[in-house]
Amino acid sequence: APADGIAWIIPVTGRLVSGFGERREVGLTTGIQLAASAGAQVVSPADGRVAFAGPYRGYGRIVIVEHEGGWTTLVTNLGRLAASVGEKVVQGSPLGNAGPGRPVLSIELRREGTPVNPLEQVRG
């Protein structure tokens with residue numbers, strides 16, 4: 001990870017379904033997709049503040065966490081939310097849970113609005 005990177009962990013345990021920058025029908029993915037177990041806990045990947053938590057058309061329930069240094073994390077397709085807007089979170093704080101069945105969650109990491117490969121930032 002670059003020196004100006006971020007202490008970031010993957011927010012949910014799961015199998016990688018599609019990696020960063022893989023081609024899909026709608027163009028390149030801007031994040032990664034993980035197939036999680038039903039009800040898996042989703043945690044904050046880094047310290048920050050919850051900027052958005054709620055339903056978003058076409059993406060189920062989503063949560064956006066703003067971190068220092070212009071970093072933001074977006075997690076989509078949560079079944080249940082455990083965080084509310086404005087809440088301060090630390091790395092590992094619960095944000096919610098994956099839905100039932102075989103949920104696939106999308107995770108995007110951005111710096112100043114530009115998508116970054118989350119898998120290159122992973123470090124505790």
# chains A, B, ... in the order shown; residues from 1 in each chain; ligands from 1
call {"tool": "residues_around", "arguments": {"residues": "A:Gly69", "least_positions_apart": "4", "cutoff": "9 Å", "atoms": "only C-alpha atoms", "output": "number ranges by chain"}}
result
A: 4-6, 111-112
call {"tool": "write_last_selection", "arguments": {"atoms": "all heavy atoms", "output": "CSV table (one decimal), in the first residue's frame"}}
result
chain,number,residue,atom,x,y,z
A,4,ASP,N,0.8,7.1,1.5
A,4,ASP,CA,-0.3,7.9,1.8
A,4,ASP,C,-1.6,7.1,1.8
A,4,ASP,O,-2.7,7.7,1.5
A,4,ASP,CB,-0.4,9.1,0.9
A,4,ASP,CG,-0.5,8.7,-0.6
A,4,ASP,OD1,-0.4,7.5,-0.8
A,4,ASP,OD2,-0.8,9.6,-1.4
A,5,GLY,N,-1.5,5.8,1.9
A,5,GLY,CA,-2.7,5.0,1.9
A,5,GLY,C,-3.5,5.1,3.2
A,5,GLY,O,-3.4,6.1,3.9
A,6,ILE,N,-4.3,4.1,3.4
A,6,ILE,CA,-5.2,4.1,4.5
A,6,ILE,C,-5.2,2.8,5.2
A,6,ILE,O,-5.0,1.8,4.6
A,6,ILE,CB,-6.7,4.5,4.0
A,6,ILE,CG1,-7.7,4.5,5.1
A,6,ILE,CG2,-7.1,3.5,2.9
A,6,ILE,CD1,-9.1,5.0,4.6
A,111,ARG,N,-10.8,7.6,-3.5
A,111,ARG,CA,-10.0,8.6,-2.9
A,111,ARG,C,-10.2,9.9,-3.7
A,111,ARG,O,-10.0,9.9,-4.9
A,111,ARG,CB,-8.5,8.3,-2.9
A,111,ARG,CG,-7.7,9.4,-2.4
A,111,ARG,CD,-6.3,9.0,-2.0
A,111,ARG,NE,-5.8,9.9,-1.0
A,111,ARG,CZ,-4.5,10.2,-0.8
A,111,ARG,NH1,-3.6,9.5,-1.5
A,111,ARG,NH2,-4.1,11.1,0.1
A,112,GLU,N,-10.7,10.9,-3.1
A,112,GLU,CA,-11.1,12.2,-3.8
A,112,GLU,C,-12.0,11.8,-5.0
A,112,GLU,O,-11.9,12.4,-6.0
A,112,GLU,CB,-9.9,12.9,-4.3
A,112,GLU,CG,-8.8,13.2,-3.2
A,112,GLU,CD,-9.2,14.2,-2.2
A,112,GLU,OE1,-10.3,14.7,-2.3
A,112,GLU,OE2,-8.4,14.4,-1.3
call {"tool": "select_by_dssp", "arguments": {"residues": "chain A", "states": "strand (DSSP E)", "output": "PyMOL selection string"}}
result
chain A and resi 14-18+23-24+27-28+32-36+41-43+48-55+61-66+71-81+88-89+94-98+104-111+114-116
call {"tool": "residues_around", "arguments": {"residues": "stretch 116-120 of chain A", "least_positions_apart": "6", "cutoff": "8 Å", "atoms": "only C-alpha atoms", "output": "PyMOL selection string"}}
result
chain A and resi 1+10+20+30-32+107-110
call {"tool": "write_last_selection", "arguments": {"atoms": "C-alpha atoms", "output": "compact mmCIF listing (two decimals), in the first residue's frame"}}
result
# COMPACT_ATOMS: atom_id res chain seq x y z
CA ALA A 1 0.00 0.00 0.00
CA ILE A 10 -12.34 -5.72 4.05
CA PHE A 20 -11.56 -4.40 -9.38
CA THR A 30 -15.64 0.50 -9.80
CA GLY A 31 -15.25 -1.84 -6.84
CA ILE A 32 -15.17 -5.48 -5.86
CA ILE A 107 -17.52 -2.61 -1.99
CA GLU A 108 -16.06 0.56 -3.44
CA LEU A 109 -13.12 2.50 -2.10
CA ARG A 110 -12.55 5.97 -3.48
call {"tool": "residues_around", "arguments": {"residues": "stretch 44-51 of chain A", "least_positions_apart": "3", "cutoff": "8 Å", "atoms": "only C-alpha atoms", "output": "count of residues only"}}
result
26
